[in-house]
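> Sharing protein_30.txt, compact mmCIF, C-alpha atoms:
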```
# COMPACT_ATOMS: atom_id res chain seq x y z
CA MET A 922 0.99 -26.54 181.13
CA GLU A 923 0.88 -24.39 184.27
CA ASN A 924 4.10 -25.64 185.83
CA GLU A 925 6.10 -25.58 182.63
CA ILE A 926 8.09 -22.37 183.11
CA ILE A 927 10.74 -22.08 180.45
CA ASN A 928 14.19 -20.61 180.70
CA PRO A 929 14.28 -17.71 178.25
CA GLU A 930 17.91 -18.45 177.41
CA THR A 931 17.00 -21.94 176.19
CA GLU A 932 16.34 -22.33 172.49
CA ASN A 933 14.37 -25.56 172.71
CA PRO A 934 12.73 -25.94 176.15
CA SER A 935 10.66 -28.98 175.18
CA TYR A 936 13.90 -30.79 174.34
CA ASN A 937 15.26 -29.95 177.80
CA LEU A 938 12.12 -31.33 179.43
CA GLN A 939 12.37 -34.53 177.46
CA GLN A 940 16.06 -34.76 178.36
CA ILE A 941 15.27 -34.45 182.08
CA LYS A 942 12.57 -37.11 181.74
CA ARG A 943 15.05 -39.48 180.08
CA ASP A 944 17.73 -38.79 182.69
CA LEU A 945 15.32 -39.51 185.56
CA GLU A 946 13.49 -42.40 183.93
CA GLY A 947 15.03 -44.94 186.31
CA TRP A 948 13.85 -42.85 189.25
CA ARG A 949 10.26 -42.24 188.20
CA GLU A 950 8.80 -45.03 190.37
CA VAL A 951 10.52 -43.46 193.39
CA LEU A 952 9.92 -39.82 192.50
CA LEU A 953 6.12 -40.11 192.57
CA PRO A 954 5.77 -41.32 196.20
CA LEU A 955 8.62 -39.01 197.24
CA ASN A 956 6.82 -36.07 195.64
CA GLY A 957 3.63 -37.04 197.48
CA LEU A 958 5.55 -37.20 200.75
CA LEU A 959 7.18 -33.80 200.31
CA HIS A 960 3.87 -32.19 199.30
CA TRP A 961 1.95 -33.71 202.25
CA GLU A 962 -0.63 -35.73 200.33
CA LYS A 963 -1.47 -37.38 203.67
CA PRO A 964 -1.90 -35.36 206.90
CA TYR A 965 0.70 -37.46 208.74
CA TYR A 966 3.45 -36.98 206.12
CA PRO A 967 5.03 -33.94 207.89
CA ALA A 968 5.43 -36.08 211.02
CA ILE A 969 7.15 -38.78 208.95
CA ILE A 970 9.55 -36.24 207.42
CA VAL A 971 10.49 -34.71 210.77
CA GLY A 972 10.63 -38.15 212.44
CA VAL A 973 13.02 -39.68 209.90
CA ASN A 974 15.19 -36.57 209.91
CA THR A 975 15.25 -36.59 213.72
CA PHE A 976 16.24 -40.27 213.77
CA ILE A 977 19.15 -39.68 211.37
CA PHE A 978 20.42 -36.67 213.29
CA SER A 979 20.03 -38.58 216.57
CA LEU A 980 22.36 -41.26 215.21
CA ILE A 981 24.88 -38.60 214.21
CA TRP A 982 24.62 -37.00 217.66
CA TYR A 983 24.97 -40.35 219.47
CA PHE A 984 27.94 -41.72 217.54
CA ASP A 985 29.52 -38.26 217.12
CA PRO A 986 31.56 -39.08 213.97
CA SER A 987 34.19 -36.71 212.66
CA VAL A 988 33.36 -34.27 209.87
CA LEU A 989 35.31 -36.35 207.34
CA THR A 990 33.57 -39.56 208.42
CA THR A 991 30.16 -37.87 208.22
CA PHE A 992 30.75 -36.64 204.67
CA ALA A 993 32.14 -40.05 203.68
CA LEU A 994 29.04 -41.83 205.04
CA ILE A 995 26.73 -39.36 203.29
CA GLY A 996 28.67 -39.93 200.05
CA LEU A 997 28.39 -43.70 200.46
CA ALA A 998 24.64 -43.48 201.08
CA VAL A 999 24.08 -41.19 198.08
CA SER A 1000 26.21 -43.43 195.84
CA LEU A 1001 24.36 -46.57 196.91
CA ILE A 1002 20.97 -44.94 196.38
CA ASP A 1003 22.03 -43.57 192.99
CA PHE A 1004 23.23 -47.02 191.93
CA LEU A 1005 20.50 -49.23 193.37
CA VAL A 1006 17.31 -47.21 192.80
CA PRO A 1007 17.38 -47.28 188.95
CA ILE A 1008 17.97 -51.05 189.14
CA ILE A 1009 15.58 -52.04 191.92
CA GLY A 1010 12.84 -49.44 191.38
CA PRO A 1011 11.33 -50.74 188.11
CA SER A 1012 11.54 -54.36 189.28
CA VAL A 1013 9.83 -53.69 192.61
CA VAL A 1014 6.96 -51.67 191.12
CA THR A 1015 5.30 -54.20 188.84
CA ALA A 1016 2.10 -52.24 188.21
CA LYS A 1017 1.56 -50.81 184.74
CA TRP A 1018 2.65 -47.19 184.27
CA THR A 1019 -0.57 -45.23 183.82
CA ARG A 1020 -1.29 -41.97 182.01
CA LYS A 1021 -1.97 -40.22 185.33
CA GLN A 1022 1.40 -41.29 186.67
CA GLU A 1023 3.05 -40.06 183.48
CA GLU A 1024 1.40 -36.64 183.94
CA GLN A 1025 2.59 -36.51 187.55
CA TYR A 1026 6.08 -37.51 186.46
CA GLN A 1027 6.14 -34.78 183.80
CA GLU A 1028 4.98 -32.24 186.40
CA ILE A 1029 7.88 -33.24 188.67
CA CYS A 1030 10.32 -32.86 185.78
CA CYS A 1031 8.87 -29.42 185.05
CA ARG A 1032 9.47 -28.41 188.65
CA ILE A 1033 13.06 -29.62 188.46
CA MET A 1034 13.57 -27.66 185.26
CA ASN A 1035 12.02 -24.59 186.90
CA ALA A 1036 14.37 -24.94 189.87
CA LYS A 1037 17.37 -25.07 187.54
CA THR A 1038 16.03 -21.98 185.79
CA HIS A 1039 15.63 -20.10 189.08
CA PHE A 1040 19.19 -20.95 190.12
CA ALA A 1041 20.52 -19.86 186.73
CA ASN A 1042 18.55 -16.61 186.91
CA ALA A 1043 19.81 -15.94 190.44
CA LYS A 1044 23.39 -16.50 189.32
CA THR A 1045 22.89 -14.17 186.34
CA THR A 1046 21.32 -11.52 188.59
CA MET A 1047 24.20 -11.62 191.05
CA SER A 1048 26.75 -11.47 188.21
CA SER A 1049 24.98 -8.46 186.71
CA LEU A 1050 24.78 -6.79 190.12
CA LYS A 1051 28.51 -7.35 190.67
CA ALA A 1052 29.35 -5.81 187.30
CA GLU A 1053 26.91 -2.87 187.44
CA LYS A 1054 26.70 -2.08 191.18
CA PRO A 1055 29.75 -3.58 192.90
CA LYS A 1056 29.20 -1.65 196.17
CA ILE A 1057 25.68 -3.00 196.61
CA TYR A 1058 26.91 -6.48 195.69
CA PHE A 1059 29.68 -6.17 198.28
CA LEU A 1060 27.24 -5.05 200.99
CA ILE A 1061 24.80 -7.88 200.23
CA VAL A 1062 27.48 -10.59 200.21
CA MET A 1063 29.31 -9.31 203.28
CA GLY A 1064 26.09 -8.74 205.20
CA THR A 1065 24.88 -12.26 204.43
CA LEU A 1066 28.20 -13.84 205.43
CA VAL A 1067 28.43 -11.82 208.65
CA ALA A 1068 24.86 -12.79 209.58
CA MET A 1069 25.65 -16.46 208.90
CA ALA A 1070 28.85 -16.25 210.96
CA TRP A 1071 26.97 -14.64 213.85
CA LEU A 1072 24.19 -17.23 213.70
CA GLY A 1073 26.74 -20.05 213.57
CA SER A 1074 28.46 -18.71 216.66
CA ARG A 1075 25.15 -18.64 218.57
CA MET A 1076 23.91 -22.12 217.68
CA ASP A 1077 25.39 -25.60 217.78
CA ASN A 1078 26.40 -26.80 214.30
CA LEU A 1079 24.43 -30.02 214.46
CA CYS A 1080 21.34 -28.30 215.87
CA MET A 1081 21.42 -25.59 213.22
CA THR A 1082 21.88 -28.16 210.45
CA TYR A 1083 18.98 -30.20 211.83
CA PHE A 1084 16.58 -27.25 211.75
CA LEU A 1085 17.84 -26.17 208.32
CA VAL A 1086 17.33 -29.64 206.80
CA ASN A 1087 13.86 -29.84 208.35
CA LEU A 1088 12.99 -26.46 206.86
CA ILE A 1089 14.23 -27.45 203.40
CA LEU A 1090 12.26 -30.71 203.47
CA LEU A 1091 9.08 -29.02 204.69
CA ILE A 1092 9.15 -26.08 202.26
CA PRO A 1093 7.41 -27.97 199.36
CA GLY A 1094 4.50 -28.92 201.62
CA ILE A 1095 4.34 -25.46 203.16
CA ARG A 1096 4.08 -23.93 199.69
CA GLN A 1097 1.62 -26.56 198.45
CA HIS A 1098 -0.80 -26.05 201.35
CA ALA A 1099 -0.16 -22.30 201.67
CA VAL A 1100 0.57 -22.69 205.38
CA LEU A 1101 2.28 -19.32 205.74
CA GLN A 1102 -0.55 -17.52 203.94
CA LYS A 1103 -3.15 -19.16 206.21
CA TYR A 1104 -1.39 -18.22 209.45
CA LEU A 1105 -0.58 -14.77 208.15
CA ALA A 1106 -4.24 -14.24 207.25
CA ARG A 1107 -5.29 -15.36 210.75
CA PHE A 1108 -2.74 -13.03 212.31
CA LEU A 1109 -4.02 -10.09 210.21
CA ASN A 1110 -7.61 -10.91 211.12
CA VAL A 1111 -6.72 -10.91 214.82
CA CYS A 1112 -4.94 -7.56 214.42
CA LYS A 1113 -7.95 -6.09 212.59
CA SER A 1114 -10.33 -7.33 215.27
CA LEU A 1115 -8.17 -5.83 218.02
CA VAL A 1116 -7.93 -2.52 216.17
CA GLY A 1117 -11.68 -2.54 215.57
CA LYS A 1118 -12.50 -3.21 219.23
CA GLY A 1119 -10.29 -0.40 220.49
CA PRO A 1120 -12.47 2.63 219.56
CA LYS A 1121 -15.65 0.89 220.79
CA LYS A 1122 -14.19 0.45 224.28
CA MET A 1123 -13.16 4.09 224.39
CA LYS A 1124 -16.68 5.27 223.43
CA SER A 1125 -18.39 3.11 226.03
CA SER A 1126 -16.26 4.58 228.80
```
Once you've parsed the file, please lay out its structure as structure tokens.


Amino acid sequence: MENEIINPETENPSYNLQQIKRDLEGWREVLLPLNGLLHWEKPYYPAIIVGVNTFIFSLIWYFDPSVLTTFALIGLAVSLIDFLVPIIGPSVVTAKWTRKQEEQYQEICCRIMNAKTHFANAKTTMSSLKAEKPKIYFLIVMGTLVAMAWLGSRMDNLCMTYFLVNLILLIPGIRQHAVLQKYLARFLNVCKSLVGKGPKKMKSS
């Protein structure tokens, strides 16, 4: 399968995939529409994502809760969702689970496994860099932290978090529809056309 990228450190990757499928079995009825939303299967899905996120952050801005209260409310919401979805999900969706849905579910599990692999590889890379080239590791870490500190001092915390969450939620759809590649290609075409028109104007004069 195309999306089934395996962690080279894993002895039995198929077992890991099956384990992830078992762990998320109670969520599969929710994961499919959520996956479609994040990958923009409908043209209005990006507006829904940004709209819901804007509504939530507007509530936080309006009520202005403390940091501790905000984290407590987020924890309560996550706990309720984690408890209720596996119970309510299968009972709400009464339609028979089809082969196509099973393939989509397995594709989602493959993506989750790939994400775990990427994080593990990034951690291994940074650990190797720290051991082999500590000066470069120090410069990368310190540079990143300084840039984050500078950015945080220039922007409001809530505003920066809002844009960051929007970016994270829109990244799957941006990658799926190759939005950056399309706009970059248009930008390069415009640059090429401008460069191509330059010599012609000089000759005509």

> Neighbouring residues of Trp982 (chain A) were defined as those with any atom within 12 Å, considering all atoms listed in the file; residues of the same chain fewer than 2 positions away were excluded. Please report them as a list in words.

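Near Trp982 (chain A), the qualifying residues are Thr975, Phe976, Ile977, Phe978, Ser979, Leu980, Phe984, Asp985, Pro986, Ser987, Thr991, Asp1077, Asn1078, Leu1079, Cys1080, Thr1082 and Tyr1083 of chain A.
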
> Tell me, as an mmCIF file with C-alpha atoms, keeping the file's coordinate frame, which residues lie within 6 Å of region 1091-1096 of chain A, counting only C-alpha atoms; anything in the same chain fewer than 2 positions away does not count.


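Saved the output as around11.cif:
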```
data_model
loop_
_atom_site.group_PDB
_atom_site.id
_atom_site.type_symbol
_atom_site.label_atom_id
_atom_site.label_comp_id
_atom_site.auth_asym_id
_atom_site.auth_seq_id
_atom_site.Cartn_x
_atom_site.Cartn_y
_atom_site.Cartn_z
ATOM 1 C CA LEU A 959 7.180 -33.800 200.310
ATOM 2 C CA HIS A 960 3.870 -32.190 199.300
ATOM 3 C CA TRP A 961 1.950 -33.710 202.250
ATOM 4 C CA LEU A 1088 12.990 -26.460 206.860
ATOM 5 C CA ILE A 1089 14.230 -27.450 203.400
ATOM 6 C CA HIS A 1098 -0.800 -26.050 201.350
ATOM 7 C CA ALA A 1099 -0.160 -22.300 201.670
ATOM 8 C CA VAL A 1100 0.570 -22.690 205.380
#
```

> Please indicate the distance in Å from CA of Glu962 (chain A) to CA of Leu1101 (chain A), rounded to one decimal place.

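Computing the Euclidean distance for CA of Glu962 (chain A) and CA of Leu1101 (chain A) yields 17.5 Å.
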
> One decimal, Å: what's the distance from CA of Asn956 (chain A) over to CA of Ile1029 (chain A), could you say?

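Interatomic distance, CA of Asn956 (chain A) to CA of Ile1029 (chain A): 7.6 Å.
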
> In Å, with one decimal, what is the gap from CA of Arg1075 (chain A) to CA of Pro967 (chain A)?

27.4 Å

> Counting only C-alpha atoms, which of A:Ile1057, A:Leu953, A:Ile995, A:Leu1072 gets nearest to Glu1024 (chain A)?

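So, comparing all the options, the nearest one is A:Leu953.
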
> So that I can see what lies close to Glu946 (chain A), please list as an mmCIF file with C-alpha atoms, in the frame of the given file the residues with an atom at most 12 Å from it, counting only C-alpha atoms and leaving out residues fewer than 3 positions away in the same chain.


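The resulting out01.cif:
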```cif
data_model
loop_
_atom_site.group_PDB
_atom_site.id
_atom_site.type_symbol
_atom_site.label_atom_id
_atom_site.label_comp_id
_atom_site.auth_asym_id
_atom_site.auth_seq_id
_atom_site.Cartn_x
_atom_site.Cartn_y
_atom_site.Cartn_z
ATOM 1 C CA GLN A 939 12.370 -34.530 177.460
ATOM 2 C CA GLN A 940 16.060 -34.760 178.360
ATOM 3 C CA ILE A 941 15.270 -34.450 182.080
ATOM 4 C CA LYS A 942 12.570 -37.110 181.740
ATOM 5 C CA ARG A 943 15.050 -39.480 180.080
ATOM 6 C CA ARG A 949 10.260 -42.240 188.200
ATOM 7 C CA GLU A 950 8.800 -45.030 190.370
ATOM 8 C CA VAL A 951 10.520 -43.460 193.390
ATOM 9 C CA LEU A 952 9.920 -39.820 192.500
ATOM 10 C CA LEU A 953 6.120 -40.110 192.570
ATOM 11 C CA VAL A 1006 17.310 -47.210 192.800
ATOM 12 C CA PRO A 1007 17.380 -47.280 188.950
ATOM 13 C CA ILE A 1008 17.970 -51.050 189.140
ATOM 14 C CA GLY A 1010 12.840 -49.440 191.380
ATOM 15 C CA PRO A 1011 11.330 -50.740 188.110
ATOM 16 C CA TRP A 1018 2.650 -47.190 184.270
ATOM 17 C CA GLU A 1023 3.050 -40.060 183.480
ATOM 18 C CA TYR A 1026 6.080 -37.510 186.460
ATOM 19 C CA GLN A 1027 6.140 -34.780 183.800
ATOM 20 C CA ILE A 1029 7.880 -33.240 188.670
ATOM 21 C CA CYS A 1030 10.320 -32.860 185.780
#
```

> Looking at all atoms listed in the file, which of A:Met1047, A:Pro954, A:Ser1000, A:Met1034 is the one that sits closest to Ile1061 (chain A)?

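Nearest to Ile1061 (chain A): A:Met1047.
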
> Keeping all heavy atoms (and nothing else), can you write region 982-996 of chain A of this structure as a compact mmCIF listing (two decimals), in the first residue's frame?


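Output contents, as saved in out.txt:
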```txt
# COMPACT_ATOMS: atom_id res chain seq x y z
N TRP A 982 -11.55 34.51 24.08
CA TRP A 982 -11.25 35.95 24.15
C TRP A 982 -12.31 36.71 24.94
O TRP A 982 -11.99 37.61 25.73
CB TRP A 982 -11.15 36.51 22.73
CG TRP A 982 -11.07 38.01 22.69
CD1 TRP A 982 -9.97 38.79 22.90
CD2 TRP A 982 -12.16 38.90 22.41
NE1 TRP A 982 -10.30 40.12 22.78
CE2 TRP A 982 -11.64 40.22 22.48
CE3 TRP A 982 -13.51 38.72 22.11
CZ2 TRP A 982 -12.42 41.33 22.27
CZ3 TRP A 982 -14.29 39.84 21.90
CH2 TRP A 982 -13.75 41.12 21.97
N TYR A 983 -13.58 36.34 24.77
CA TYR A 983 -14.67 37.06 25.43
C TYR A 983 -14.68 36.81 26.94
O TYR A 983 -14.78 37.75 27.73
CB TYR A 983 -16.01 36.65 24.81
CG TYR A 983 -17.20 37.35 25.42
CD1 TYR A 983 -17.50 38.66 25.08
CD2 TYR A 983 -18.02 36.68 26.35
CE1 TYR A 983 -18.59 39.30 25.65
CE2 TYR A 983 -19.11 37.32 26.91
CZ TYR A 983 -19.39 38.63 26.56
OH TYR A 983 -20.47 39.27 27.14
N PHE A 984 -14.58 35.55 27.33
CA PHE A 984 -14.65 35.23 28.75
C PHE A 984 -13.31 35.43 29.46
O PHE A 984 -13.28 35.55 30.69
CB PHE A 984 -15.13 33.78 28.95
CG PHE A 984 -16.57 33.58 28.58
CD1 PHE A 984 -16.92 32.95 27.39
CD2 PHE A 984 -17.58 34.03 29.41
CE1 PHE A 984 -18.24 32.75 27.05
CE2 PHE A 984 -18.92 33.83 29.08
CZ PHE A 984 -19.25 33.20 27.90
N ASP A 985 -12.22 35.43 28.70
CA ASP A 985 -10.88 35.70 29.22
C ASP A 985 -10.57 34.86 30.47
O ASP A 985 -10.27 35.41 31.54
CB ASP A 985 -10.73 37.19 29.55
CG ASP A 985 -9.28 37.57 29.79
OD1 ASP A 985 -8.38 36.84 29.33
OD2 ASP A 985 -9.04 38.60 30.46
N PRO A 986 -10.64 33.52 30.37
CA PRO A 986 -10.33 32.69 31.54
C PRO A 986 -8.83 32.68 31.82
O PRO A 986 -8.01 33.02 30.96
CB PRO A 986 -10.81 31.30 31.12
CG PRO A 986 -10.67 31.30 29.64
CD PRO A 986 -10.96 32.72 29.19
N SER A 987 -8.49 32.30 33.03
CA SER A 987 -7.07 32.19 33.38
C SER A 987 -6.44 31.01 32.64
O SER A 987 -7.15 30.17 32.06
CB SER A 987 -6.91 32.00 34.89
OG SER A 987 -7.49 30.77 35.29
N VAL A 988 -5.11 30.96 32.64
CA VAL A 988 -4.41 29.89 31.95
C VAL A 988 -4.78 28.53 32.56
O VAL A 988 -5.03 27.56 31.84
CB VAL A 988 -2.88 30.11 32.03
CG1 VAL A 988 -2.14 28.93 31.40
CG2 VAL A 988 -2.49 31.40 31.32
N LEU A 989 -4.85 28.47 33.88
CA LEU A 989 -5.19 27.21 34.55
C LEU A 989 -6.60 26.78 34.20
O LEU A 989 -6.86 25.59 33.93
CB LEU A 989 -5.04 27.37 36.06
CG LEU A 989 -5.27 26.11 36.91
CD1 LEU A 989 -4.28 25.03 36.52
CD2 LEU A 989 -5.16 26.44 38.39
N THR A 990 -7.54 27.73 34.19
CA THR A 990 -8.92 27.41 33.83
C THR A 990 -9.02 26.95 32.38
O THR A 990 -9.76 26.00 32.08
CB THR A 990 -9.82 28.64 34.04
OG1 THR A 990 -9.73 29.06 35.41
CG2 THR A 990 -11.27 28.30 33.72
N THR A 991 -8.27 27.59 31.49
CA THR A 991 -8.30 27.20 30.08
C THR A 991 -7.81 25.76 29.89
O THR A 991 -8.46 24.96 29.20
CB THR A 991 -7.42 28.15 29.26
OG1 THR A 991 -7.88 29.50 29.43
CG2 THR A 991 -7.47 27.79 27.79
N PHE A 992 -6.68 25.42 30.53
CA PHE A 992 -6.17 24.06 30.42
C PHE A 992 -7.12 23.05 31.06
O PHE A 992 -7.28 21.92 30.56
CB PHE A 992 -4.78 23.96 31.04
CG PHE A 992 -3.68 24.43 30.16
CD1 PHE A 992 -3.04 25.64 30.38
CD2 PHE A 992 -3.28 23.68 29.07
CE1 PHE A 992 -2.02 26.08 29.55
CE2 PHE A 992 -2.26 24.10 28.23
CZ PHE A 992 -1.63 25.31 28.47
N ALA A 993 -7.77 23.45 32.16
CA ALA A 993 -8.72 22.55 32.82
C ALA A 993 -9.92 22.28 31.92
O ALA A 993 -10.39 21.14 31.80
CB ALA A 993 -9.16 23.14 34.15
N LEU A 994 -10.43 23.33 31.26
CA LEU A 994 -11.58 23.17 30.36
C LEU A 994 -11.20 22.32 29.15
O LEU A 994 -11.99 21.48 28.70
CB LEU A 994 -12.09 24.54 29.92
CG LEU A 994 -12.75 25.39 31.00
CD1 LEU A 994 -13.10 26.77 30.46
CD2 LEU A 994 -13.99 24.70 31.56
N ILE A 995 -10.01 22.55 28.61
CA ILE A 995 -9.55 21.72 27.48
C ILE A 995 -9.43 20.26 27.91
O ILE A 995 -9.84 19.34 27.19
CB ILE A 995 -8.21 22.25 26.95
CG1 ILE A 995 -8.38 23.63 26.32
CG2 ILE A 995 -7.60 21.27 25.93
CD1 ILE A 995 -7.08 24.28 25.90
N GLY A 996 -8.88 20.03 29.12
CA GLY A 996 -8.78 18.67 29.64
C GLY A 996 -10.13 18.02 29.83
O GLY A 996 -10.32 16.83 29.51
```
